[in-house]
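Novice: Take a look at my_file-v7.cif, mmCIF, C-alpha atoms and all ligand atoms:
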```
data_model
#
loop_
_atom_site.label_atom_id
_atom_site.label_comp_id
_atom_site.auth_asym_id
_atom_site.auth_seq_id
_atom_site.Cartn_x
_atom_site.Cartn_y
_atom_site.Cartn_z
CA MET A 1177 140.02 98.61 35.13
CA GLY A 1178 143.71 99.51 34.84
CA PHE A 1179 145.99 100.05 37.81
CA LEU A 1180 146.15 103.79 37.04
CA SER A 1181 142.36 104.28 36.88
CA GLY A 1182 141.38 107.57 38.46
CA LYS A 1183 144.90 108.98 38.31
CA LYS A 1184 145.48 112.38 36.63
CA LEU A 1185 149.06 112.62 35.32
CA LEU A 1186 150.97 115.39 33.54
CA ILE A 1187 153.47 114.12 30.96
CA THR A 1188 156.25 116.44 29.78
CA GLY A 1189 158.72 115.74 27.02
CA VAL A 1190 156.61 114.19 24.24
CA LEU A 1191 158.28 115.46 21.06
CA SER A 1192 157.74 112.52 18.70
CA ASN A 1193 156.23 109.04 18.79
CA ARG A 1194 159.73 107.79 19.56
CA SER A 1195 160.00 109.91 22.70
CA ILE A 1196 160.38 108.01 25.96
CA ALA A 1197 157.55 110.22 27.25
CA TYR A 1198 155.35 108.91 24.41
CA GLY A 1199 155.99 105.35 25.56
CA ILE A 1200 155.16 106.40 29.11
CA ALA A 1201 151.94 108.14 28.02
CA LYS A 1202 150.89 105.04 26.06
CA ALA A 1203 151.45 102.72 29.02
CA CYS A 1204 149.73 105.05 31.50
CA HIS A 1205 146.74 105.53 29.19
CA ALA A 1206 146.48 101.76 28.75
CA GLN A 1207 146.22 101.45 32.54
CA GLY A 1208 143.40 104.00 32.73
CA ALA A 1209 145.20 107.23 33.62
CA GLU A 1210 143.83 110.62 32.54
CA LEU A 1211 146.67 112.57 30.89
CA ALA A 1212 147.79 116.16 30.30
CA PHE A 1213 150.81 117.17 28.25
CA SER A 1214 153.38 119.93 28.13
CA TYR A 1215 155.71 120.68 25.25
CA VAL A 1216 158.07 123.49 24.29
CA GLY A 1217 157.69 125.54 21.14
CA GLU A 1218 154.44 126.88 19.69
CA ARG A 1219 155.38 125.16 16.41
CA PHE A 1220 154.77 121.77 18.01
CA LYS A 1221 151.28 122.64 19.37
CA ASP A 1222 149.37 120.86 16.60
CA ARG A 1223 151.54 117.75 16.81
CA ILE A 1224 151.26 117.48 20.60
CA THR A 1225 147.51 118.17 20.43
CA GLU A 1226 147.29 115.22 18.03
CA PHE A 1227 149.30 112.97 20.34
CA ALA A 1228 147.11 114.04 23.28
CA GLY A 1229 144.03 113.16 21.24
CA GLU A 1230 145.41 109.64 20.77
CA PHE A 1231 145.28 109.37 24.57
CA GLY A 1232 141.82 110.91 24.93
CA SER A 1233 143.18 114.21 26.18
CA LYS A 1234 142.69 117.84 25.14
CA LEU A 1235 145.01 119.21 27.85
CA VAL A 1236 148.20 120.51 26.21
CA PHE A 1237 150.36 123.36 27.51
CA ASP A 1238 153.42 125.15 26.15
CA CYS A 1239 156.13 125.35 28.80
CA ASP A 1240 159.84 126.05 28.49
CA VAL A 1241 161.18 124.85 31.85
CA GLY A 1242 164.05 127.34 31.55
CA ASP A 1243 161.56 130.08 32.52
CA ASP A 1244 160.07 130.18 36.02
CA ALA A 1245 157.10 132.24 34.79
CA GLN A 1246 156.22 129.53 32.27
CA ILE A 1247 156.43 126.81 34.95
CA ALA A 1248 154.08 128.88 37.15
CA LYS A 1249 151.73 129.44 34.20
CA LEU A 1250 151.74 125.72 33.33
CA PHE A 1251 150.36 124.77 36.73
CA SER A 1252 147.96 127.72 37.03
CA ASP A 1253 146.53 126.88 33.57
CA LEU A 1254 146.40 123.17 34.52
CA SER A 1255 144.60 124.00 37.79
CA ALA A 1256 141.65 125.35 35.78
CA HIS A 1257 141.08 121.78 34.56
CA TRP A 1258 142.65 119.79 37.43
CA PRO A 1259 142.49 121.60 40.82
CA LYS A 1260 144.31 118.54 42.16
CA PHE A 1261 146.25 115.84 40.31
CA ASP A 1262 148.35 112.76 40.94
CA GLY A 1263 151.82 113.40 39.59
CA PHE A 1264 153.97 114.23 36.62
CA VAL A 1265 156.67 112.75 34.43
CA HIS A 1266 159.78 114.88 33.83
CA ALA A 1267 161.22 113.62 30.53
CA ILE A 1268 163.31 116.66 29.69
CA GLY A 1269 167.02 116.88 29.00
CA TYR A 1270 169.18 119.33 27.12
CA ALA A 1271 172.75 120.57 26.95
CA PRO A 1272 174.42 122.68 24.26
CA ARG A 1273 175.77 120.25 21.67
CA GLU A 1274 179.43 121.05 22.38
CA ALA A 1275 178.90 119.83 25.95
CA ILE A 1276 177.97 116.27 24.90
CA ALA A 1277 180.57 115.41 22.30
CA GLY A 1278 184.31 115.00 22.21
CA ASP A 1279 186.61 115.70 25.12
CA PHE A 1280 184.89 116.63 28.41
CA LEU A 1281 187.17 119.56 29.15
CA GLU A 1282 187.18 120.88 25.59
CA GLY A 1283 183.37 121.06 25.67
CA LEU A 1284 183.27 122.46 29.21
CA SER A 1285 182.20 126.07 29.73
CA ARG A 1286 180.37 127.91 32.50
CA GLU A 1287 177.49 128.67 30.12
CA ALA A 1288 177.14 125.09 28.79
CA PHE A 1289 177.31 123.75 32.36
CA ARG A 1290 174.70 126.29 33.52
CA ILE A 1291 172.29 125.49 30.67
CA ALA A 1292 172.67 121.72 31.08
CA HIS A 1293 171.98 121.89 34.82
CA ASP A 1294 169.18 124.44 34.48
CA ILE A 1295 167.18 122.49 31.89
CA SER A 1296 168.15 118.91 32.80
CA ALA A 1297 168.35 119.08 36.59
CA TYR A 1298 166.93 122.23 38.24
CA SER A 1299 163.71 121.97 36.21
CA PHE A 1300 162.62 118.81 38.06
CA PRO A 1301 162.57 120.23 41.63
CA ALA A 1302 161.36 123.54 40.18
CA MET A 1303 158.31 121.78 38.69
CA ALA A 1304 157.80 119.85 41.94
CA LYS A 1305 157.80 123.10 43.96
CA ALA A 1306 155.22 124.70 41.65
CA ALA A 1307 153.04 121.56 41.53
CA ALA A 1308 153.20 120.63 45.24
CA PRO A 1309 150.09 122.56 46.37
CA MET A 1310 148.05 120.77 43.67
CA LEU A 1311 149.26 117.22 44.34
CA ASN A 1312 146.97 114.67 45.95
CA ASP A 1313 148.38 112.43 48.65
CA LYS A 1314 149.68 109.22 47.04
CA ALA A 1315 150.94 111.37 44.15
CA SER A 1316 154.04 110.20 42.33
CA LEU A 1317 156.76 112.16 40.53
CA LEU A 1318 159.09 110.53 38.00
CA THR A 1319 162.15 111.70 36.07
CA LEU A 1320 164.38 110.09 33.44
CA THR A 1321 168.11 109.73 33.99
CA TYR A 1322 171.01 107.88 32.41
CA LEU A 1323 173.99 105.72 33.42
CA GLY A 1324 176.27 108.63 32.61
CA ALA A 1325 175.20 110.12 35.98
CA ILE A 1326 177.24 107.55 37.92
CA ARG A 1327 179.68 106.07 35.36
CA THR A 1328 181.87 107.76 32.78
CA VAL A 1329 180.19 107.34 29.40
CA PRO A 1330 182.44 108.82 26.69
CA ASN A 1331 180.92 112.00 25.19
CA TYR A 1332 178.06 112.22 27.69
CA ASN A 1333 180.31 114.69 29.54
CA THR A 1334 178.47 117.69 31.07
CA MET A 1335 175.11 115.90 30.77
CA GLY A 1336 176.51 113.30 33.16
CA LEU A 1337 177.13 115.99 35.75
CA ALA A 1338 173.58 117.31 35.27
CA LYS A 1339 172.09 113.81 35.60
CA ALA A 1340 174.09 113.28 38.81
CA SER A 1341 172.45 116.41 40.18
CA LEU A 1342 169.04 115.23 38.89
CA GLU A 1343 169.46 111.89 40.70
CA ALA A 1344 170.36 113.68 43.95
CA SER A 1345 167.21 115.81 43.52
CA VAL A 1346 165.15 112.58 43.41
CA ARG A 1347 166.39 111.75 46.91
CA TYR A 1348 165.97 115.24 48.37
CA LEU A 1349 162.52 115.69 46.79
CA ALA A 1350 161.47 112.30 48.20
CA GLU A 1351 162.56 113.49 51.66
CA SER A 1352 160.81 116.86 51.29
CA LEU A 1353 157.51 115.59 49.83
CA GLY A 1354 157.30 112.15 51.50
CA PRO A 1355 155.50 113.38 54.63
CA LYS A 1356 152.72 114.62 52.29
CA GLY A 1357 152.42 111.07 50.91
CA ILE A 1358 154.15 111.98 47.64
CA ARG A 1359 156.72 109.60 46.17
CA VAL A 1360 159.62 110.67 43.92
CA ASN A 1361 161.62 108.30 41.72
CA GLY A 1362 163.81 108.11 38.64
CA ILE A 1363 164.17 105.65 35.78
CA SER A 1364 167.67 105.19 34.40
CA ALA A 1365 166.94 104.07 30.85
CA GLY A 1366 169.26 102.31 28.46
CA PRO A 1367 170.10 104.06 25.17
CA ILE A 1368 167.07 104.48 22.88
CA LYS A 1369 167.05 106.06 19.41
CA THR A 1370 164.99 109.21 20.06
CA LEU A 1371 165.37 112.74 18.74
CA ALA A 1372 167.55 113.58 21.77
CA ALA A 1373 169.82 110.75 20.67
CA SER A 1374 169.94 111.84 17.03
CA GLY A 1375 173.18 113.41 15.95
CA ILE A 1376 175.08 111.86 18.86
CA LYS A 1377 178.41 110.70 17.49
CA GLY A 1378 178.80 106.92 17.88
CA PHE A 1379 175.23 106.36 19.10
CA GLY A 1380 174.87 103.38 16.79
CA LYS A 1381 177.91 101.79 18.39
CA ILE A 1382 176.49 102.39 21.87
CA LEU A 1383 173.25 100.69 20.86
CA SER A 1384 175.02 97.65 19.40
CA VAL A 1385 177.40 97.25 22.36
CA VAL A 1386 174.43 97.36 24.74
CA ALA A 1387 172.43 94.88 22.64
CA GLU A 1388 175.40 92.47 22.70
CA THR A 1389 176.37 92.93 26.35
CA SER A 1390 173.19 93.38 28.36
CA PRO A 1391 171.84 90.21 30.02
CA ILE A 1392 168.62 90.42 27.98
CA ARG A 1393 170.78 90.71 24.83
CA ARG A 1394 168.71 93.50 23.30
CA ASN A 1395 168.19 97.26 23.58
CA VAL A 1396 165.29 98.49 25.68
CA THR A 1397 162.30 100.21 24.06
CA ILE A 1398 160.04 103.09 25.03
CA GLU A 1399 157.43 100.39 25.81
CA ASP A 1400 159.85 98.76 28.30
CA VAL A 1401 160.38 102.14 29.98
CA GLY A 1402 156.67 103.04 29.74
CA ASN A 1403 155.55 99.91 31.58
CA VAL A 1404 157.96 100.46 34.49
CA ALA A 1405 157.01 104.13 34.60
CA ALA A 1406 153.30 103.26 34.80
CA PHE A 1407 154.09 100.93 37.72
CA LEU A 1408 156.16 103.59 39.57
CA LEU A 1409 153.42 106.20 39.04
CA SER A 1410 150.79 103.81 40.48
CA ASP A 1411 149.86 102.78 44.01
CA LEU A 1412 151.39 99.37 43.23
CA ALA A 1413 154.72 101.16 43.91
CA GLY A 1414 153.40 102.66 47.16
CA GLY A 1415 156.52 101.48 48.97
CA VAL A 1416 159.02 102.84 46.42
CA SER A 1417 160.50 106.34 46.78
CA ALA A 1418 163.89 108.07 46.44
CA GLU A 1419 164.88 105.27 44.08
CA ILE A 1420 166.57 105.11 40.68
CA THR A 1421 165.17 102.09 38.85
CA TYR A 1422 167.30 100.82 35.95
CA VAL A 1423 165.43 99.89 32.78
CA ASP A 1424 168.50 98.95 30.77
CA GLY A 1425 168.24 95.17 30.39
CA GLY A 1426 170.84 94.81 33.13
CA PHE A 1427 173.60 96.44 31.07
CA SER A 1428 174.86 98.62 33.95
CA GLN A 1429 175.53 95.49 36.02
CA VAL A 1430 177.81 93.75 33.52
CA VAL A 1431 181.54 94.37 33.13
CA GLY A 1432 181.87 95.18 29.43
CA GLY A 1433 184.03 93.33 26.92
CA ILE A 1434 184.31 90.03 28.80
CA ALA A 1435 181.02 88.15 28.21
CA GLU A 1436 180.73 86.21 24.95
CA PRO A 1437 178.78 88.38 22.44
CA ALA A 1438 175.26 87.18 21.70
CA ALA A 1439 175.36 84.04 19.55
N1 LIG B 1 167.15 108.37 24.55
C1 LIG B 1 168.00 107.86 25.44
O1 LIG B 1 168.94 107.12 25.12
C2 LIG B 1 167.84 108.21 26.90
C3 LIG B 1 168.36 107.33 27.87
C4 LIG B 1 168.22 107.66 29.23
C5 LIG B 1 167.57 108.83 29.60
N2 LIG B 1 167.08 109.64 28.64
C6 LIG B 1 166.37 110.86 29.09
O2 LIG B 1 164.99 110.73 28.74
C7 LIG B 1 164.41 112.03 28.69
C8 LIG B 1 163.58 112.16 27.42
O3 LIG B 1 164.45 112.19 26.30
P1 LIG B 1 164.14 111.31 24.96
O4 LIG B 1 165.30 110.39 24.77
O5 LIG B 1 162.75 110.78 25.03
O6 LIG B 1 164.28 112.37 23.79
P2 LIG B 1 163.23 113.42 23.18
O7 LIG B 1 164.02 114.34 22.34
O8 LIG B 1 162.07 112.70 22.59
O9 LIG B 1 162.69 114.19 24.49
C9 LIG B 1 163.43 115.23 25.08
C10 LIG B 1 162.41 116.27 25.47
O10 LIG B 1 163.02 117.33 26.20
C11 LIG B 1 162.25 118.48 25.88
N3 LIG B 1 162.92 119.72 26.25
C12 LIG B 1 164.17 120.12 25.91
N4 LIG B 1 164.41 121.34 26.39
C13 LIG B 1 163.27 121.74 27.04
C14 LIG B 1 162.89 122.91 27.73
N5 LIG B 1 163.71 123.95 27.85
N6 LIG B 1 161.64 122.96 28.27
C15 LIG B 1 160.80 121.91 28.16
N7 LIG B 1 161.09 120.76 27.51
C16 LIG B 1 162.32 120.70 26.96
C17 LIG B 1 162.05 118.36 24.38
O11 LIG B 1 161.00 119.21 23.95
C18 LIG B 1 161.71 116.89 24.25
O12 LIG B 1 160.31 116.72 24.32
C19 LIG B 1 165.57 113.03 28.79
O13 LIG B 1 165.67 113.45 30.16
C20 LIG B 1 166.79 112.17 28.47
O14 LIG B 1 167.95 112.69 29.12
C21 LIG B 1 167.18 109.38 27.29
C1 LIG B 2 172.90 107.50 25.53
C2 LIG B 2 173.28 108.90 25.15
C3 LIG B 2 172.42 109.97 24.96
C4 LIG B 2 170.92 109.98 25.09
N1 LIG B 2 170.66 110.50 26.43
C5 LIG B 2 170.84 109.56 27.53
C6 LIG B 2 170.38 111.81 26.72
O1 LIG B 2 170.20 112.13 27.87
C7 LIG B 2 170.31 112.84 25.60
C8 LIG B 2 170.57 114.19 26.20
C9 LIG B 2 170.80 115.30 25.24
C10 LIG B 2 171.03 116.51 25.80
N2 LIG B 2 171.28 117.60 25.04
C11 LIG B 2 171.27 117.52 23.70
C12 LIG B 2 171.06 116.29 23.06
C13 LIG B 2 170.79 115.15 23.85
C14 LIG B 2 171.12 116.23 21.57
C15 LIG B 2 170.70 117.54 20.94
C16 LIG B 2 171.34 118.71 21.63
O2 LIG B 2 171.65 119.72 21.00
N3 LIG B 2 171.51 118.65 22.97
O3 LIG B 2 173.07 111.12 24.67
C17 LIG B 2 174.42 110.79 24.62
C18 LIG B 2 175.52 111.60 24.36
C19 LIG B 2 176.79 111.01 24.39
C20 LIG B 2 176.94 109.65 24.68
C21 LIG B 2 175.84 108.84 24.95
C22 LIG B 2 174.57 109.43 24.92
#
```
What does the file become when written as structure tokens?
Specialist:
Amino acid sequence: MGFLSGKKLLITGVLSNRSIAYGIAKACHAQGAELAFSYVGERFKDRITEFAGEFGSKLVFDCDVGDDAQIAKLFSDLSAHWPKFDGFVHAIGYAPREAIAGDFLEGLSREAFRIAHDISAYSFPAMAKAAAPMLNDKASLLTLTYLGAIRTVPNYNTMGLAKASLEASVRYLAESLGPKGIRVNGISAGPIKTLAASGIKGFGKILSVVAETSPIRRNVTIEDVGNVAAFLLSDLAGGVSAEITYVDGGFSQVVGGIAEPAA
């Protein structure tokens, strides 16, 4: 009997078996959770249906979080299977490419800023608002953020601003939903080679610097993130809310460039 037995959880953001959301789904399934999935793009339906099958689930829904009607439809369709459920994972992030490369100001535009904040930040409270009437007490909401929200990470640029907003939404959602017994948290994950990381200039360098600098002297994996996510989604974390938990091997706590590189 896993520590998520009896929990019904919606997982967004599974795009490949390297997705952080895939690691989270795997860990939650291993602890006995019942899972549902959302994805974006009809062309991925078969792939996501296959992933869901790996986790004993047939519940897959197409939802572009940039469209309020699709968010509403996601939860009305889900309610046909799950009148009530126990939480969701928001593993969604996007900014136009020019907004996450090169000089911050050169890549800055009102449209790129709007899109980054709409998809990467607004979508989390928007999903929470739509899901709230269906959430059991002791439900748990979780989003994924990055160090670039609080520290300047070269090239992360407008995504850093969106993640700062996302992290603030964790605190305000926790305040709004807490009286209903619902907890809201974030995981700030270290860099992981996923599709969202592909094509990022200098990503390889970021990975190697982190592997050399972080106290655990390695990069984190989607399994590392998945295990902490499963904990935060469970009643074991009943006393944790409005919190950003770092799953980055301690990297964010070390002043770079001073420690001896790993032997
Ligand atoms: N990979 C990393 O280094 C890293 C580190 C810290 C945080 N994160 C965050 O983790 C989360 C998951 O990203 P990932 O690294 O697993 O990459 P990924 O590409 O596997 O997942 C990103 C997901 O966002 C989804 N998405 C994008 N636009 C969407 C939209 N309009 N509607 C619905 N879904 C949409 C994609 O379909 C995809 O499933 C993101 O929030 C990302 O910012 C990633
Ligand atoms: C780490 C790290 C990441 C991974 N990460 C934490 C992320 O949050 C990735 C976010 C992301 C958002 N939008 C897009 C893309 C990635 C690539 C494809 C695209 O067109 N748009 O991205 C970086 C960008 C610059 C510097 C570091 C990083």
Novice: I'd like to know which of A:Ala1373, A:Lys1249, A:Gln1207, A:Leu1191 is closest to Asp1222 (chain A), using all atoms listed in the file.
Specialist: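 Among the listed residues, A:Leu1191 lies closest to Asp1222 (chain A).
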Novice: Using only C-alpha atoms, can you tell me which of A:Leu1320, A:Leu1383, A:Ile1363, A:Arg1290 comes closest to Leu1337 (chain A)?
Specialist: A:Arg1290
Novice: Which residue gives the smallest distance to Glu1282 (chain A) among A:Gly1414, A:Asn1333, A:Pro1309, A:Ile1368, with only C-alpha atoms counted?
Specialist: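 That would be A:Asn1333, the residue with the smallest distance to Glu1282 (chain A).
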Novice: Specify the axis-aligned box that encloses all atoms of ligand LIG 2 (chain B) listed in the file after padding of 5 Å on each side, stating its centre and edge lengths in Å to one decimal as JSON.
Specialist:
```
{"center_x": 173.6, "center_y": 113.6, "center_z": 24.4, "size_x": 16.7, "size_y": 22.2, "size_z": 16.9}
```
Novice: Enumerate, in order of chain and increasing residue number, the residues of chain A with an atom no farther than 6 Å from ligand LIG 1 (chain B), each with its shortest atom pair and distance in Å to one decimal, counting all atoms listed in the file, as a Markdown table.
Specialist:
```
| residue | atom | partner | partner_atom | distance |
| --- | --- | --- | --- | --- |
| A:Gly1189 | CA | B:LIG1 | O12 | 3.3 |
| A:Val1190 | CA | B:LIG1 | O12 | 4.5 |
| A:Leu1191 | CA | B:LIG1 | O12 | 4.0 |
| A:Ser1192 | CA | B:LIG1 | O8 | 5.8 |
| A:Ser1195 | CA | B:LIG1 | O8 | 3.5 |
| A:Ile1196 | CA | B:LIG1 | O5 | 3.8 |
| A:Ala1197 | CA | B:LIG1 | O5 | 5.7 |
| A:Tyr1215 | CA | B:LIG1 | O11 | 5.6 |
| A:Val1216 | CA | B:LIG1 | C15 | 5.0 |
| A:Cys1239 | CA | B:LIG1 | C15 | 5.8 |
| A:Asp1240 | CA | B:LIG1 | N6 | 3.6 |
| A:Val1241 | CA | B:LIG1 | N6 | 4.1 |
| A:Gly1242 | CA | B:LIG1 | N5 | 5.0 |
| A:Ala1267 | CA | B:LIG1 | C7 | 4.0 |
| A:Ile1268 | CA | B:LIG1 | O10 | 3.6 |
| A:Gly1269 | CA | B:LIG1 | O13 | 3.9 |
| A:Tyr1270 | CA | B:LIG1 | C12 | 5.2 |
| A:Ile1295 | CA | B:LIG1 | N5 | 5.5 |
| A:Leu1320 | CA | B:LIG1 | O2 | 4.8 |
| A:Thr1321 | CA | B:LIG1 | C5 | 4.5 |
| A:Tyr1322 | CA | B:LIG1 | C4 | 4.2 |
| A:Ser1364 | CA | B:LIG1 | C4 | 5.8 |
| A:Ala1365 | CA | B:LIG1 | C4 | 4.1 |
| A:Gly1366 | CA | B:LIG1 | C3 | 5.1 |
| A:Pro1367 | CA | B:LIG1 | O1 | 3.3 |
| A:Ile1368 | CA | B:LIG1 | O1 | 3.9 |
| A:Lys1369 | CA | B:LIG1 | N1 | 5.6 |
| A:Thr1370 | CA | B:LIG1 | O4 | 4.9 |
| A:Leu1371 | CA | B:LIG1 | O7 | 4.2 |
| A:Ala1372 | CA | B:LIG1 | O7 | 3.7 |
| A:Ala1373 | CA | B:LIG1 | N1 | 5.3 |
```
Novice: Please report the interatomic distance between CA of Ala1271 (chain A) and CA of Tyr1298 (chain A) in Å with one decimal.
Specialist: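 Between these atoms lies a distance of 12.8 Å.
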Novice: May I ask which of the residues A:Met1303, A:Ile1224, A:Leu1317, A:Met1310 is the closest one to Ala1406 (chain A), counting only C-alpha atoms?
Specialist: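 Of A:Met1303, A:Ile1224, A:Leu1317, A:Met1310, the one nearest Ala1406 (chain A) is A:Leu1317, counting only C-alpha atoms.
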Novice: Which is closer to ligand LIG 2 (chain B) than all the others in A:Tyr1422, A:Phe1379, A:Phe1407, A:Phe1427, using all atoms listed in the file?
Specialist: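 Smallest distance to ligand LIG 2 (chain B) is found for A:Phe1379.
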